Amino acid sequence: MATGFLTDTTVCIGCKACEVACKQWNQLPADGYEFTGDSYDNTKQLSGTTWRHVAFIENPKKRRLTGDVDLVALAEDVTEPLPGGAELDALGRWAFMSDVCKHCVAAPCQQACPTGSIIRNEFDNVYIQPDICNGCGYCVPACPYGVITQVPNDGRAFKCTLCYDRQIDGLEPACAKACPTNSIMFGDVEDLKELAEERVQQLHDKGYTQAYVWGTPEVGGTGGIEGNHSKFILMDEPETYNLPKHPYLPQEKVKGGVIAGAVAAGVLGAVVALAFRD
Amino acid sequence: MSDATRQDLSQSNGHVGNGRPETSHHPETDAKREDKHYYGIPPIKHAHWTWQIPVYFWIGGIGAGTHLFSTVAQLLGHEDAALKRASRYTVLVTMILSPIFLIWDLGRPERFYNMMRILKLRSPMSTQSWSLLMFGNLGGLLAARQAASDGLLGRNVLSRLLLKLIPERLLSVLTLPFGLFVGFNTGNLISATSVPIWARNWALMAPTFLASGLSTALSWLSLVLHLTHSGEAKTLRALHRAEKATIVIEAGLIAASLVRMSRWGKPLFSKSVAPLFVGGALLSGIAAPAALLFSGKETRGKSILSSLLVLAGGLAFRFSLIKAGRISADDPEAYFSFASGESAPQPEDKV
Ligand code: SF4
Ligand code: SF4
């Protein structure tokens, strides 16, 4: 059975309980007290010590609140035109998104890892074996989503394990457990896929036609990555959430590169040989 | 809306009946929000590589090129003792230094041997480690034989055994593919990543690295032979000719790479990299030595000068590519424009 996440950003309230739960369960060190001044999100990004990151996206660009704003209606998910020509979108002004390792089906980090430290475990999750990793750092620029970093002072690379230890004991990952709105769902990827489709349909029916699933082979998993086991329901372009639209598998071109190199070697060898002719 | 709220709003600002709250990211005042990204935070992470990696790329290229030149000479029946000696010891030294630099760069250097627990053909880092191991050990054997024949190991049983047991010509040829692989695979090492400027140039990266490596190697050999006043006239002539041809090929490959990188190649011309790339790699590393090589009669002084320029230029080229990669990875606009459609490498692309 392959397990994964479905993160429904439309119900995320930005409480960061998942970030905290993840840090606690996995005993991750602090990242320092940094104040970005950009938004209330001071975590900024995923890293070797932050395996869940909740982005706070203030997006007044498209869905501006105009007319008389009824905050109750806003909270109650109303999209009908309001009296007084008010337009509003309950999900528009602030978007939250709990980001995590995508557990790619064909994982670039795994293919890059020269020590074989990164494996697929019995739950079909992408897992870094900390006793093997020698901190070469090659998985870091390989990941198309900027998930992994090397941890200073430790030297090794770390990322979300999808709570491998908890799964072995039959528990769901700490973030999914802690999420108060069920924005983070954990389970069999096939079930989650169905759930995602249902939820997107529900949103469409309510008038939020911009909702879609990100992380399918078509969206967010192209170029050989073949989809992600961590899927997301998004309401805006992926870039708004700092996600690429069509990431690619960097190792797709290794064979081509080696052939090109071999051809070059032949040509340069011939050039050297010709240089010896008088 | 409650009356209290209505009152608050009408008192607090000019947007009466509009209700648009004041925020720090007001669309009219915050130009930053027009871009598609998350507060400019890089969506991918750059490689941590410090100076050891570009220096390794440089000396690895010199080792590979040197072995190519001496093996071709040997195969053509051109036995020049000085050339062979210079090349064997060069390979030995570069292959001792390369693993040192690479292991130094690891987060857990004491676990370097984990590279050897698996061979992954899709991971250029893995194939690089293995080819380095092969090239280093075979090159080491050749160097040991050279040392024995130079009398450096004394006149004892070991020397005689080395001379007798190591089939020099055969071993040189066997070593060559590993050496060449070390020389070009550094290009694939950086292009098989999510970094736009590197990944974009996947087809030309390996050839460019090999050509540049060969050009530094030829310069190194000619420098050593000139400085030690050794080497046959024929060797020096061949070196000179090969240097000329290689520098032209290298320039062509770099130009083609820049065309291929197109807008994602911009970091090479940014303020912090341009002095290194344009000044160091292109002008003083290619243009100036090319002018010296192609102008007038060949003299010892000119040769030495052009060799030094090429060697420094090769190092500058590698540093500028690594630095540009960092800028490229840190630029959300570059990555998003790259990973949004046709520009990124696609499975169906052919060489
Ligand atoms: S998202 Fe990055 S770290 Fe996670 S599996 Fe994919 S490549 Fe690896
Ligand atoms: S840093 Fe560790 S996990 Fe990442 S590629 Fe290197 S050995 Fe593998």
# chains A, B, ... in the order shown; residues from 1 in each chain; ligands from 1
$ residues_near_ligand --ligand "ligand 2" --cutoff "10 Å" --atoms "only C-alpha atoms and all ligand atoms" --output "number ranges by chain"
A: 108-119, 127-143, 148-151, 155-159; B: 106-108, 111-112, 114-115, 123, 125-126
$ closest_atom_pairs --of "chain B" --to "ligand 1" --cutoff "12 Å" --atoms "only C-alpha atoms and all ligand atoms" --output "tab-separated table"
residue	atom	partner	partner_atom_place_in_ligand_line	distance
B:Pro43	CA	ligand 1	2 (Fe)	11.2
B:Ile44	CA	ligand 1	2 (Fe)	9.3
B:Lys45	CA	ligand 1	2 (Fe)	10.3
B:Thr193	CA	ligand 1	7 (S)	10.5
B:Ser194	CA	ligand 1	7 (S)	9.8
$ residues_around --residues "Pro196 (chain B)" --least-positions-apart "2" --cutoff "12 Å" --atoms "only C-alpha atoms" --output "ChimeraX atom specification"
/A:141-142,144,247-248,250 /B:43-46,190-194,198-202,260-267,321,324-340,343-345
$ closest_residue --among "A:Arg277, A:Arg120, A:Arg52, A:Lys255" --to "Ile184 (chain A)" --atoms "only C-alpha atoms"
A:Arg52
$ closest_residue --among "B:Leu158, B:Gly313, B:Phe135, B:Ser212" --to "Leu174 (chain B)" --atoms "only C-alpha atoms"
B:Phe135
$ residues_around --residues "Ala17 (chain A)" --least-positions-apart "3" --cutoff "12 Å" --atoms "only C-alpha atoms" --output "PyMOL selection string"
chain A and resi 12-14+20-25+52-54+98+174-184
$ residues_around --residues "region 236-247 of chain B" --least-positions-apart "2" --cutoff "10 Å" --atoms "only C-alpha atoms" --output "PyMOL selection string"
(chain A and resi 268+271-278) or (chain B and resi 69+73+83+211-219+221-222+225-226+230-234+249-253+285-287+289-294+298+303+306-307+310)
$ residues_around --residues "Gly187 (chain B)" --least-positions-apart "5" --cutoff "7 Å" --atoms "only C-alpha atoms" --output "PyMOL selection string"
chain B and resi 205-206+209
$ atom_distance --atom1 "CA of Val248 (chain B)" --atom2 "CA of Phe277 (chain B)"
17.2 Å
$ closest_residue --among "B:Trp58, B:Ala256, B:Thr228, B:Val182" --to "Ala203 (chain B)" --atoms "only C-alpha atoms"
B:Ala256
$ select_by_dssp --residues "region 10-202 of chain A" --states "alpha helix (DSSP H)" --output "PyMOL selection string"
chain A and resi 17-25+71-75+108-112+139-142+164-168+174-178+189-202
$ select_by_dssp --residues "region 224-254 of chain A" --states "strand (DSSP E)" --output "MDAnalysis selection string"
chainID A and resid 230:234
$ atom_distance --atom1 "CA of Thr50 (chain A)" --atom2 "CA of Lys16 (chain A)"
11.8 Å
